[in-house]
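Text of input_10.csv (CSV, C-alpha atoms) as supplied:
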chain,number,residue,atom,x,y,z
A,195,MET,CA,120.1,82.8,118.2
A,196,SER,CA,121.7,85.1,115.7
A,197,THR,CA,120.7,88.7,116.4
A,198,TYR,CA,117.5,87.6,118.1
A,199,PHE,CA,118.3,89.7,121.2
A,200,VAL,CA,119.4,92.7,119.2
A,201,ASN,CA,116.0,92.7,117.6
A,202,ALA,CA,114.4,92.1,120.9
A,203,ILE,CA,116.2,95.1,122.5
A,204,CYS,CA,115.2,97.4,119.6
A,205,ASN,CA,111.6,96.2,119.8
A,206,ARG,CA,111.5,96.7,123.6
A,207,THR,CA,112.4,100.4,123.2
A,208,VAL,CA,109.0,100.8,121.5
A,209,HIS,CA,106.8,99.0,124.0
A,210,ASP,CA,108.6,99.6,127.3
A,211,GLN,CA,109.1,103.2,128.2
A,212,ALA,CA,111.1,102.5,131.3
A,213,PHE,CA,113.5,100.3,129.3
A,214,ARG,CA,113.7,103.1,126.7
A,215,ALA,CA,114.7,105.6,129.4
A,216,ALA,CA,117.2,103.1,130.8
A,217,MET,CA,118.7,102.7,127.3
A,218,LYS,CA,119.0,106.5,127.1
A,219,ALA,CA,120.6,106.8,130.6
A,220,ASP,CA,122.9,103.8,130.7
A,221,PRO,CA,122.7,101.5,127.7
A,222,GLU,CA,125.5,99.3,128.9
A,223,GLU,CA,123.6,98.5,132.1
A,224,ALA,CA,120.2,98.3,130.3
A,225,ILE,CA,121.4,95.5,128.0
A,226,SER,CA,123.6,93.8,130.5
A,227,GLU,CA,121.2,90.9,131.1
A,228,TYR,CA,120.8,90.1,127.4
A,229,ASP,CA,122.6,87.1,125.9
A,230,LEU,CA,124.4,89.0,123.2
A,231,THR,CA,127.7,88.0,121.5
A,232,ALA,CA,130.6,90.3,122.2
A,233,ALA,CA,130.4,91.6,118.6
A,234,GLU,CA,126.7,92.3,118.9
A,235,ARG,CA,127.2,94.1,122.3
A,236,LYS,CA,130.0,96.2,120.9
A,237,ALA,CA,128.2,97.1,117.7
A,238,LEU,CA,124.9,97.9,119.6
A,239,LEU,CA,126.6,100.1,122.2
A,240,GLY,CA,128.5,101.9,119.5
A,241,GLY,CA,125.4,102.6,117.5
A,242,GLN,CA,127.0,100.7,114.6
A,243,VAL,CA,123.7,99.9,112.9
A,244,GLY,CA,125.2,99.0,109.5
A,245,THR,CA,127.3,96.3,111.3
A,246,LEU,CA,124.2,95.0,113.1
A,247,ALA,CA,122.2,94.9,109.8
A,248,LYS,CA,125.0,92.9,108.2
A,249,MET,CA,124.9,90.5,111.2
A,250,GLY,CA,121.2,90.0,110.4
A,251,ALA,CA,119.3,92.4,112.6
A,252,HIS,CA,116.1,93.6,111.1
A,253,THR,CA,116.6,97.1,109.6
A,254,PHE,CA,113.1,98.2,110.5
A,255,LEU,CA,113.7,97.4,114.1
A,256,LEU,CA,117.1,99.1,114.1
A,257,GLY,CA,115.4,102.3,113.0
A,258,HIS,CA,113.8,102.5,116.5
A,259,LEU,CA,117.3,103.3,117.9
A,260,THR,CA,117.5,106.5,116.0
A,261,ARG,CA,113.8,107.4,116.5
A,262,TYR,CA,114.5,107.6,120.2
A,263,GLY,CA,118.0,109.0,119.9
A,264,LEU,CA,119.6,105.9,121.6
A,265,VAL,CA,123.2,104.7,121.7
A,266,GLY,CA,124.5,108.0,120.4
A,267,LEU,CA,122.4,107.9,117.2
A,268,ASN,CA,120.7,110.7,115.3
A,269,ASP,CA,119.2,110.5,111.8
A,270,GLU,CA,122.3,111.7,110.1
A,271,LEU,CA,124.6,109.2,111.7
A,272,TYR,CA,122.1,106.4,111.4
A,273,GLY,CA,121.6,107.1,107.7
A,274,GLU,CA,125.3,107.3,107.0
A,275,ARG,CA,126.1,104.0,108.8
A,276,MET,CA,123.1,102.2,107.3
A,277,ARG,CA,123.8,103.4,103.7
A,278,ALA,CA,127.4,102.3,104.0
A,279,ILE,CA,126.1,98.7,103.7
A,280,LEU,CA,125.3,99.4,100.0
A,281,ALA,CA,128.9,100.6,99.4
A,282,ASP,CA,130.3,97.5,101.0
A,283,SER,CA,128.1,95.1,99.1
B,101,MET,CA,74.2,84.4,103.9
B,102,ALA,CA,76.9,87.0,104.1
B,103,GLU,CA,78.0,88.9,101.0
B,104,ILE,CA,81.1,90.8,100.1
B,105,VAL,CA,80.2,94.3,98.9
B,106,CYS,CA,83.6,95.8,98.2
B,107,ALA,CA,87.3,95.4,98.4
B,108,ILE,CA,89.7,98.2,99.0
B,109,GLY,CA,93.5,98.7,98.9
B,110,VAL,CA,95.2,101.6,100.7
B,111,PRO,CA,98.5,102.6,102.2
B,112,HIS,CA,98.9,103.1,106.0
B,113,THR,CA,101.7,105.7,106.2
B,114,PRO,CA,101.7,106.7,109.9
B,115,SER,CA,102.4,110.4,109.2
B,116,TYR,CA,99.2,110.8,107.0
B,117,PRO,CA,96.8,111.6,109.8
B,118,SER,CA,98.9,114.5,110.9
B,119,LEU,CA,99.7,115.5,107.3
B,120,VAL,CA,96.0,115.8,106.5
B,121,GLU,CA,95.4,117.8,109.6
B,122,ARG,CA,98.2,120.1,108.5
B,123,GLU,CA,97.4,120.4,104.8
B,124,GLY,CA,93.7,120.2,104.9
B,125,PRO,CA,91.0,118.3,103.0
B,126,ASP,CA,92.2,119.3,99.5
B,127,CYS,CA,95.6,117.7,99.7
B,128,GLU,CA,96.2,114.6,97.6
B,129,VAL,CA,96.2,112.1,100.5
B,130,ALA,CA,92.9,113.5,101.8
B,131,ARG,CA,91.3,113.4,98.4
B,132,LEU,CA,92.5,109.8,97.7
B,133,TYR,CA,91.3,108.4,101.0
B,134,ARG,CA,88.0,110.3,100.6
B,135,SER,CA,87.4,108.8,97.1
B,136,VAL,CA,87.8,105.4,98.7
B,137,ARG,CA,85.7,106.2,101.8
B,138,LYS,CA,82.7,107.3,99.6
B,139,ASN,CA,82.4,103.6,98.6
B,140,ILE,CA,82.4,102.4,102.2
B,141,GLU,CA,79.7,105.0,103.0
B,142,ALA,CA,77.6,104.0,100.0
B,143,LEU,CA,77.9,100.3,100.5
B,144,GLN,CA,77.5,100.3,104.4
B,145,PRO,CA,79.4,97.2,105.3
B,146,ASP,CA,78.6,95.5,108.7
B,147,VAL,CA,82.1,94.1,109.1
B,148,ILE,CA,85.6,94.6,107.7
B,149,VAL,CA,88.1,91.9,107.0
B,150,ILE,CA,91.5,93.6,106.8
B,151,PHE,CA,94.7,92.0,105.4
B,152,ASP,CA,97.6,93.5,107.2
B,153,SER,CA,101.3,93.0,107.9
B,154,ASP,CA,102.2,93.6,111.5
B,155,HIS,CA,105.4,95.7,112.0
B,156,LEU,CA,106.6,93.5,114.8
B,157,ASN,CA,104.3,95.3,117.2
B,158,THR,CA,101.5,92.7,117.6
B,159,PHE,CA,103.9,89.7,117.2
B,160,PHE,CA,107.6,89.2,117.6
B,161,PHE,CA,110.2,86.6,116.6
B,162,ASN,CA,109.6,84.6,119.8
B,163,ASN,CA,106.4,83.4,117.9
B,164,TRP,CA,106.2,84.9,114.4
B,165,PRO,CA,103.3,83.8,112.3
B,166,THR,CA,103.2,83.6,108.5
B,167,PHE,CA,99.4,83.8,108.6
B,168,ALA,CA,97.4,84.8,111.7
B,169,ILE,CA,93.8,85.7,112.4
B,170,GLY,CA,92.6,87.9,115.2
B,171,THR,CA,89.2,87.2,116.8
B,172,ALA,CA,89.3,89.5,119.9
B,173,PRO,CA,86.1,91.4,120.5
B,174,LYS,CA,88.1,94.4,121.7
B,175,ILE,CA,91.3,95.4,120.1
B,176,ILE,CA,93.6,98.2,121.4
B,177,ALA,CA,95.1,100.4,118.6
B,178,PRO,CA,97.6,101.6,118.0
B,179,ASN,CA,100.2,99.7,120.0
B,180,ASP,CA,103.0,101.7,118.5
B,181,ASP,CA,103.8,105.4,118.5
B,182,ASN,CA,104.5,106.0,114.8
B,183,SER,CA,101.3,107.9,114.2
B,184,ASN,CA,99.8,110.8,116.2
B,185,LEU,CA,96.6,108.8,116.6
B,186,PRO,CA,95.4,108.4,120.2
B,187,LYS,CA,95.1,105.0,121.7
B,188,ARG,CA,91.6,103.6,121.5
B,189,VAL,CA,89.5,100.4,121.5
B,190,VAL,CA,88.5,99.1,118.1
B,191,GLN,CA,85.7,96.6,117.9
B,192,GLY,CA,86.7,93.1,116.6
B,193,HIS,CA,84.2,90.7,115.0
B,194,GLU,CA,84.7,87.6,117.0
B,195,ALA,CA,82.1,85.4,115.2
B,196,LEU,CA,83.3,86.1,111.7
B,197,GLY,CA,86.9,85.8,112.8
B,198,ALA,CA,86.2,82.4,114.4
B,199,HIS,CA,84.3,81.3,111.3
B,200,ILE,CA,87.2,82.2,108.9
B,201,TYR,CA,89.7,80.6,111.2
B,202,ALA,CA,87.8,77.3,111.3
B,203,SER,CA,87.1,77.4,107.6
B,204,GLY,CA,90.7,78.2,106.8
B,205,ILE,CA,92.0,75.3,109.0
B,206,GLY,CA,89.5,73.0,107.4
B,207,GLY,CA,90.6,74.1,103.9
B,208,GLY,CA,94.3,73.8,104.5
B,209,PHE,CA,95.2,77.3,105.7
B,210,ASP,CA,96.8,76.8,109.1
B,211,PHE,CA,96.3,80.2,110.6
B,212,SER,CA,97.8,81.1,114.0
B,213,LEU,CA,95.0,82.4,116.2
B,214,SER,CA,95.0,85.3,118.6
B,215,GLN,CA,92.0,86.0,120.8
B,216,ASP,CA,93.8,88.8,122.7
B,217,PHE,CA,96.0,91.2,120.8
B,218,SER,CA,96.5,94.9,119.8
B,219,VAL,CA,97.3,96.3,116.4
B,220,ASP,CA,99.7,99.0,115.1
B,221,HIS,CA,99.3,102.0,112.8
B,222,SER,CA,99.0,99.6,109.8
B,223,VAL,CA,95.4,98.8,110.9
B,224,LEU,CA,94.4,102.1,112.6
B,225,VAL,CA,95.5,104.5,109.8
B,226,PRO,CA,93.2,102.9,107.2
B,227,LEU,CA,90.4,102.9,109.7
B,228,HIS,CA,91.0,106.5,110.7
B,229,PHE,CA,90.4,107.5,107.1
B,230,LEU,CA,87.8,105.0,106.0
B,231,THR,CA,85.6,104.5,109.0
B,232,PRO,CA,86.5,107.4,111.2
B,233,GLN,CA,83.7,106.7,113.6
B,234,MET,CA,85.2,103.3,114.2
B,235,ASN,CA,81.7,101.8,114.0
B,236,VAL,CA,82.4,98.8,111.8
B,237,PRO,CA,84.0,95.9,113.6
B,238,ILE,CA,87.0,94.3,112.0
B,239,VAL,CA,88.6,90.9,111.5
B,240,PRO,CA,92.4,91.3,111.0
B,241,ILE,CA,94.2,88.7,109.0
B,242,PHE,CA,97.9,89.1,109.4
B,243,ILE,CA,100.3,88.1,106.6
B,244,ASN,CA,104.1,88.2,107.1
B,245,GLY,CA,105.3,91.0,104.8
B,246,LEU,CA,108.3,92.1,106.8
B,247,ALA,CA,110.5,89.3,107.8
B,248,PRO,CA,111.8,87.0,105.0
B,249,PRO,CA,111.1,84.3,104.1
B,250,LEU,CA,107.8,85.7,103.1
B,251,PRO,CA,104.9,83.5,101.9
B,252,ALA,CA,104.6,83.1,98.2
B,253,ALA,CA,102.3,85.4,96.2
B,254,LYS,CA,100.3,82.5,94.9
B,255,ARG,CA,99.8,81.2,98.4
B,256,CYS,CA,98.5,84.6,99.5
B,257,PHE,CA,96.2,84.7,96.5
B,258,ALA,CA,94.9,81.2,97.4
B,259,LEU,CA,94.4,82.5,101.0
B,260,GLY,CA,92.2,85.3,99.7
B,261,GLU,CA,90.2,82.7,97.7
B,262,ALA,CA,89.7,80.7,100.9
B,263,VAL,CA,88.6,83.8,102.8
B,264,ARG,CA,86.1,84.6,100.0
B,265,SER,CA,84.6,81.0,100.3
B,266,ALA,CA,84.5,81.3,104.1
B,267,ILE,CA,82.6,84.6,103.9
B,268,ALA,CA,80.2,83.3,101.3
B,269,ALA,CA,79.4,80.3,103.6
B,270,TRP,CA,78.8,82.4,106.7
B,271,PRO,CA,75.1,82.2,107.6
B,272,PRO,CA,74.3,85.7,108.9
B,273,ASP,CA,73.0,88.2,106.3
B,274,ALA,CA,76.0,90.5,106.7
B,275,ARG,CA,77.7,92.9,104.3
B,276,VAL,CA,81.4,92.5,104.3
B,277,ALA,CA,84.1,94.8,103.1
B,278,VAL,CA,87.7,93.6,102.5
B,279,ILE,CA,90.6,96.0,103.0
B,280,ALA,CA,94.3,95.4,102.0
B,281,SER,CA,96.7,97.6,103.9
B,282,GLY,CA,100.2,98.3,102.6
B,283,SER,CA,102.7,99.6,100.0
B,284,PHE,CA,104.3,98.1,96.9
B,285,SER,CA,107.7,99.6,97.4
B,286,LEU,CA,109.0,101.0,100.7
B,287,GLU,CA,112.1,100.9,102.7
B,288,VAL,CA,111.9,102.1,106.4
B,289,ALA,CA,115.1,102.7,108.2
B,290,GLY,CA,117.1,100.4,105.9
B,291,PRO,CA,120.0,101.3,103.6
B,292,ARG,CA,117.8,102.5,100.8
B,293,MET,CA,116.3,105.4,102.7
B,294,ALA,CA,116.2,108.6,100.7
B,295,PRO,CA,118.7,111.2,101.7
B,296,GLY,CA,117.6,113.1,104.8
B,297,LYS,CA,114.6,110.8,105.3
B,298,ARG,CA,113.8,107.7,107.4
B,299,SER,CA,112.2,106.0,104.4
B,300,GLY,CA,112.6,105.6,100.7
B,301,ILE,CA,111.1,104.1,97.6
B,302,PRO,CA,113.7,101.7,96.2
B,303,ASP,CA,111.6,100.5,93.2
B,304,MET,CA,109.3,103.1,91.7
B,305,GLU,CA,109.1,101.2,88.4
B,306,TRP,CA,107.7,98.2,90.3
B,307,THR,CA,105.1,100.4,91.9
B,308,LYS,CA,104.0,101.6,88.4
B,309,ARG,CA,104.0,98.1,87.1
B,310,VAL,CA,101.8,96.8,89.9
B,311,VAL,CA,99.4,99.7,89.4
B,312,LYS,CA,99.2,99.0,85.7
B,313,LEU,CA,98.6,95.2,86.2
B,314,LEU,CA,95.9,96.0,88.8
B,315,GLY,CA,94.2,98.5,86.5
B,316,GLU,CA,94.2,96.0,83.7
B,317,THR,CA,93.2,93.0,85.9
B,318,LYS,CA,96.3,91.1,84.8
B,319,ILE,CA,96.4,89.0,88.0
B,320,THR,CA,98.3,86.0,86.6
B,321,GLU,CA,101.2,88.3,85.5
B,322,LEU,CA,101.2,90.0,88.9
B,323,LEU,CA,101.4,86.7,90.7
B,324,GLU,CA,104.2,85.6,88.4
B,325,GLU,CA,106.2,88.8,88.9
B,326,THR,CA,105.7,89.1,92.7
B,327,THR,CA,108.7,86.9,93.5
B,328,SER,CA,110.7,87.0,96.8
B,329,ASP,CA,113.5,88.7,95.0
B,330,GLN,CA,111.2,91.4,93.6
B,331,MET,CA,109.7,92.0,97.0
B,332,ALA,CA,113.1,92.3,98.6
B,333,LYS,CA,114.2,94.7,95.8
B,334,ALA,CA,111.1,96.8,96.5
B,335,GLY,CA,112.2,97.5,100.1
B,336,ASN,CA,112.3,96.0,103.6
B,337,VAL,CA,108.5,96.3,103.8
B,338,GLY,CA,108.0,95.5,100.1
B,339,GLY,CA,106.2,92.3,101.2
B,340,GLU,CA,103.2,94.4,102.1
B,341,ILE,CA,102.0,93.9,98.6
B,342,LEU,CA,101.0,90.4,99.8
B,343,ASN,CA,98.0,92.0,101.5
B,344,TRP,CA,96.8,93.3,98.2
B,345,ILE,CA,97.4,90.0,96.6
B,346,ALA,CA,95.3,88.2,99.2
B,347,MET,CA,92.6,90.8,98.5
B,348,LEU,CA,92.9,89.9,94.8
B,349,GLY,CA,92.1,86.3,95.8
B,350,VAL,CA,88.9,87.5,97.3
B,351,LEU,CA,88.0,89.4,94.1
B,352,GLY,CA,88.5,86.7,91.5
B,353,ASN,CA,88.7,88.6,88.1
B,354,ARG,CA,86.5,91.5,89.1
B,355,LYS,CA,87.6,94.8,87.5
B,356,PRO,CA,88.5,97.8,89.7
B,357,ALA,CA,86.3,100.9,90.0
B,358,PHE,CA,89.6,102.7,90.2
B,359,VAL,CA,93.2,102.2,91.1
B,360,GLN,CA,95.4,105.2,91.5
B,361,GLN,CA,99.0,105.6,92.4
B,362,GLN,CA,99.8,108.5,94.7
B,363,THR,CA,102.2,111.0,93.2
B,364,ASN,CA,105.9,110.0,93.7
B,365,GLU,CA,104.9,107.3,96.2
B,366,GLY,CA,105.4,103.6,96.3
B,367,HIS,CA,101.7,102.9,97.0
B,368,ALA,CA,98.2,103.2,95.6
B,369,TYR,CA,94.5,103.4,96.4
B,370,GLY,CA,92.0,101.0,94.8
B,371,VAL,CA,88.4,100.1,95.0
B,372,TRP,CA,86.5,97.1,93.7
B,373,ARG,CA,82.8,96.9,94.0
B,374,TRP,CA,80.4,94.0,93.7
B,375,ASP,CA,77.4,96.0,92.5

Can you present the structure in this file as structure tokens?
Amino acid sequence: MSTYFVNAICNRTVHDQAFRAAMKADPEEAISEYDLTAAERKALLGGQVGTLAKMGAHTFLLGHLTRYGLVGLNDELYGERMRAILADS
Amino acid sequence: MAEIVCAIGVPHTPSYPSLVEREGPDCEVARLYRSVRKNIEALQPDVIVIFDSDHLNTFFFNNWPTFAIGTAPKIIAPNDDNSNLPKRVVQGHEALGAHIYASGIGGGFDFSLSQDFSVDHSVLVPLHFLTPQMNVPIVPIFINGLAPPLPAAKRCFALGEAVRSAIAAWPPDARVAVIASGSFSLEVAGPRMAPGKRSGIPDMEWTKRVVKLLGETKITELLEETTSDQMAKAGNVGGEILNWIAMLGVLGNRKPAFVQQQTNEGHAYGVWRWD
């Protein structure tokens, strides 16, 4: 189930406003029920979108995290971390 | 029998409705959509078949179709908040949808079927500009353009041919317009975003090449060149070109009335007419 639940969490922020609010207030609690790997959980809570993209999460979906200002992201940080993939590859 | 009266290709950039509100009717986006809309107004279709790539708003990876057709009579749109468009009900054309579904299955195109669904900005933005009264019912045909592996260009072209045959065999005397929604090169929230933006155009040369091939009706070349590598190079939503390619399958070798790239964008506007 590689990154399936990471994608699912990102997607849910669009369609479930209560979940989006929970992700804003206490992301660790909001995602606690999801069956994420330890690496996925750490990267998601840390807003490490480049890491998540490299794990296989869909970049379009990851973009929702910055659209709603979740897990400490803003557009500048998001862009920096996402573009770092290109330097790595 | 039903007849196809025109085919249209447009982008669905979610910020365009507010951009046109802000910049007025003389801005390039407004002019380009208007030049397309004139054809719809002149040809008065009774129903629209729209090839579209869902942005993971209608479907998700728990059940992700390569090809799907929607036959709901009432369709909520948009189901996302990317545009400033208010939520509304769009009419679906259940009978034509069911006919294309059955015809496709019979002809070897194993569509997924949805009789209860909503659509995102990629359907509503084109309708907002082309049929602002929302008075022409639609049949959405969804093609996976966002989550590789994407269907092959030749398969999508053949899908368009099958849709053309299905429409031609539909008994009611209805006038049908076909719309393709999408870009040729676009990256949304991926590593090739332009600095300071949430999107970028990774392959402008490809966009120009596609527009040239469309303008010259060099469809064989376009099908050969639209490889999975090329679509990936064109951006994380670069597979939206498959909607245009399915539309080309509907066209056969018909020449365009016009195809125009928007300035510095990875997309274009095109019209093909049957008259």

I want to know what sits within 9 Å of Leu264 of chain A, based on all atoms listed in the file, with residues of the same chain fewer than 6 positions away left out; could you give that as a compact mmCIF listing (two decimals) with C-alpha atoms, in the coordinates of the input?
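This is the output file part-v5.txt:
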# COMPACT_ATOMS: atom_id res chain seq x y z
CA ARG A 214 113.70 103.10 126.70
CA MET A 217 118.70 102.70 127.30
CA LYS A 218 119.00 106.50 127.10
CA PRO A 221 122.70 101.50 127.70
CA GLY A 241 125.40 102.60 117.50
CA HIS A 258 113.80 102.50 116.50

Atom pair atom CA of Val190 of chain B / atom CA of Ala346 of chain B: separation (Å)
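Atom-to-atom, atom CA of Val190 of chain B to atom CA of Ala346 of chain B, that is 22.9 Å.
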
Please tabulate, as CSV, the residues of chain A that come within 7 Å of chain B, each with its closest pair of atoms and the distance in Å to one decimal, counting all atoms listed in the file and ordering rows by chain, then residue number upward.
residue,atom,partner,partner_atom,distance
A:Val208,CA,B:Asp180,CA,6.8
A:Thr253,CA,B:Gly290,CA,5.0
A:Phe254,CA,B:Ala289,CA,5.4
A:Gly257,CA,B:Ala289,CA,4.8
A:Met276,CA,B:Pro291,CA,4.9
A:Arg277,CA,B:Pro291,CA,4.3
A:Ile279,CA,B:Pro291,CA,6.6
A:Leu280,CA,B:Pro291,CA,6.7

Segment 327-335 of chain B environment, 8 Å, only C-alpha atoms, sequence neighbours closer than 2 positions dropped, as a PyMOL selection string
chain B and resi 249-250+252-253+284-288+292+301-303+306+323-325+337-339

If you measure from atom CA of Met234 of chain B to atom CA of Arg275 of chain B, what distance in Å do you get, rounded to one decimal?
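If I compute the distance from atom CA of Met234 of chain B to atom CA of Arg275 of chain B, I get 16.2 Å.
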
If we count only C-alpha atoms and set the cut-off at 12 Å, which residues sit around segment 370-372 of chain B, ignoring sequence neighbours fewer than 4 positions away in its own chain? Please answer as a PyMOL selection string.
chain B and resi 104-111+132-140+143+277-283+310-312+314-315+317+344+347-348+350-362

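Considering all atoms listed in the file, the residue among B:Ile319, B:Val276, B:Asp375, B:Thr113 positioned nearest to Ile148 of chain B is B:Val276.
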
What's the 6 Å shell around segment 192-209 of chain B, counting all atoms listed in the file, without same-chain residues fewer than 3 positions away, as a VMD selection string?
chain B and resid 171 to 174 237 to 239 266

Computed gap from atom CA of Val129 of chain B to atom CA of Lys187 of chain B is 22.4 Å

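The environment of Tyr116 of chain B within 12 Å, counting only C-alpha atoms and disregarding residues fewer than 3 places along the same chain, consists of Val110, Pro111, His112, Thr113, Leu119, Val120, Glu121, Arg122, Glu123, Gly124, Pro125, Cys127, Glu128, Val129, Ala130, Arg131, Leu132, Tyr133, Asn182, Ser183, Asn184, Leu185, His221, Ser222, Leu224, Val225, Pro226, His228 and Phe229 of chain B.
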
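Closest approach to Gln191 of chain B among B:Ala268, B:Ile241, B:Val149, B:Val236: B:Val236, based on only C-alpha atoms.
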
Residue nearest Phe242 of chain B among B:Gln144, B:Ser218, B:Asn364, B:Asn343 (counting only C-alpha atoms):
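Looking only at the distances to Phe242 of chain B, the closest residue turns out to be B:Asn343.
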
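Counting only C-alpha atoms and comparing B:Leu230, B:Asn235, B:Val263, B:Val189, the residue that lies closest to Ile169 of chain B is B:Val263.
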
Reconstruct N, CA and C atoms of segment 255-267 of chain A from the incomplete input and present them as a CSV table (one decimal), keeping the file's coordinate frame.
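Result file is rebuild37.csv:
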chain,number,residue,atom,x,y,z
A,255,LEU,N,113.6,97.4,112.7
A,255,LEU,CA,113.7,97.4,114.1
A,255,LEU,C,114.9,98.3,114.5
A,256,LEU,N,116.0,98.2,113.8
A,256,LEU,CA,117.1,99.1,114.1
A,256,LEU,C,116.8,100.6,114.1
A,257,GLY,N,115.8,100.9,113.2
A,257,GLY,CA,115.4,102.3,113.0
A,257,GLY,C,114.8,102.9,114.3
A,258,HIS,N,114.3,102.0,115.2
A,258,HIS,CA,113.8,102.5,116.5
A,258,HIS,C,114.9,103.2,117.3
A,259,LEU,N,116.2,102.7,117.1
A,259,LEU,CA,117.3,103.3,117.9
A,259,LEU,C,117.5,104.8,117.6
A,260,THR,N,117.3,105.1,116.3
A,260,THR,CA,117.5,106.5,116.0
A,260,THR,C,116.2,107.3,116.3
A,261,ARG,N,115.0,106.7,116.1
A,261,ARG,CA,113.8,107.4,116.5
A,261,ARG,C,113.8,107.9,117.9
A,262,TYR,N,114.4,107.2,118.8
A,262,TYR,CA,114.5,107.6,120.2
A,262,TYR,C,115.8,108.2,120.6
A,263,GLY,N,116.7,108.4,119.6
A,263,GLY,CA,118.0,109.0,119.9
A,263,GLY,C,118.8,108.1,120.9
A,264,LEU,N,118.9,106.8,120.7
A,264,LEU,CA,119.6,105.9,121.6
A,264,LEU,C,121.0,105.6,121.1
A,265,VAL,N,121.8,105.1,121.9
A,265,VAL,CA,123.2,104.7,121.7
A,265,VAL,C,124.0,105.7,120.7
A,266,GLY,N,123.7,107.0,121.0
A,266,GLY,CA,124.5,108.0,120.4
A,266,GLY,C,124.0,108.3,118.9
A,267,LEU,N,122.9,107.7,118.6
A,267,LEU,CA,122.4,107.9,117.2
A,267,LEU,C,121.6,109.2,117.0
